[in-house]
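Presented below is the structure to which this report refers.
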Amino acid sequence: MTDPGPDDHLRNSFYRKTTRSGRRMTPARRLLYRLAVPLGLAIIKSWLRSCRVMRVLGVENLDAALAKAPSLIPCYWHQHQLFCAHYLLQQRPRLDNSIVGVVELG
């Protein structure tokens, strides 16, 4: 059992709230994350807007999979993740009951 030690702290290390690296969520770190996450999203969104998509190969495969079953789990290589995820998010009305997941191989 987990009995309190002599200084009233739990002796079981499972209940300690320290991370492996010993980092804490300080107010400065929270501010950095609050600024960095929207900035990163803005950079990705502006990069996707600047890319011109000429054609999408394999749309018939998506259509055939959706005709066969209303749910699917798409798999693609991680270097294509931004384009594939962006395309699948645009297809969201067609994929209303689908599970969208990412499988990274290699």
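Identifiers for the structure tokens are assigned positionally: chains receive A, B, ... in sequence, residues are indexed from 1 per chain, and ligands are indexed from 1 in the order shown.
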Please report as a tab-separated table every residue of region 24-57 of chain A lying within 12 Å of region 83-97 of chain A, along with the nearest atom pair and their distance in Å (one decimal), using only C-alpha atoms.
residue	atom	partner	partner_atom	distance
A:Ile44	CA	A:His86	CA	10.5
A:Lys45	CA	A:His86	CA	9.6
A:Trp47	CA	A:Phe83	CA	10.6
A:Leu48	CA	A:Phe83	CA	7.8
A:Arg49	CA	A:His86	CA	10.5
A:Cys51	CA	A:Phe83	CA	9.5
A:Arg52	CA	A:Phe83	CA	11.0
A:Val53	CA	A:Phe83	CA	9.4
A:Arg55	CA	A:Tyr87	CA	11.4
A:Val56	CA	A:Tyr87	CA	9.0
A:Leu57	CA	A:Cys84	CA	11.1
- For CA of His80 (chain A) and CA of Met54 (chain A), quote the distance in Å rounded to one decimal.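 Value for the CA of His80 (chain A)-CA of Met54 (chain A) distance: 15.8 Å.
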- Item | Per-residue DSSP, region 15-100 of chain A, filtered to helix (DSSP H, G or I), as a PyMOL selection string | chain A and resi 15+27-50+59-68+78-90
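One distance worth recording is that between CA of Ala42 (chain A) and CA of Gln81 (chain A), which is 16.9 Å.
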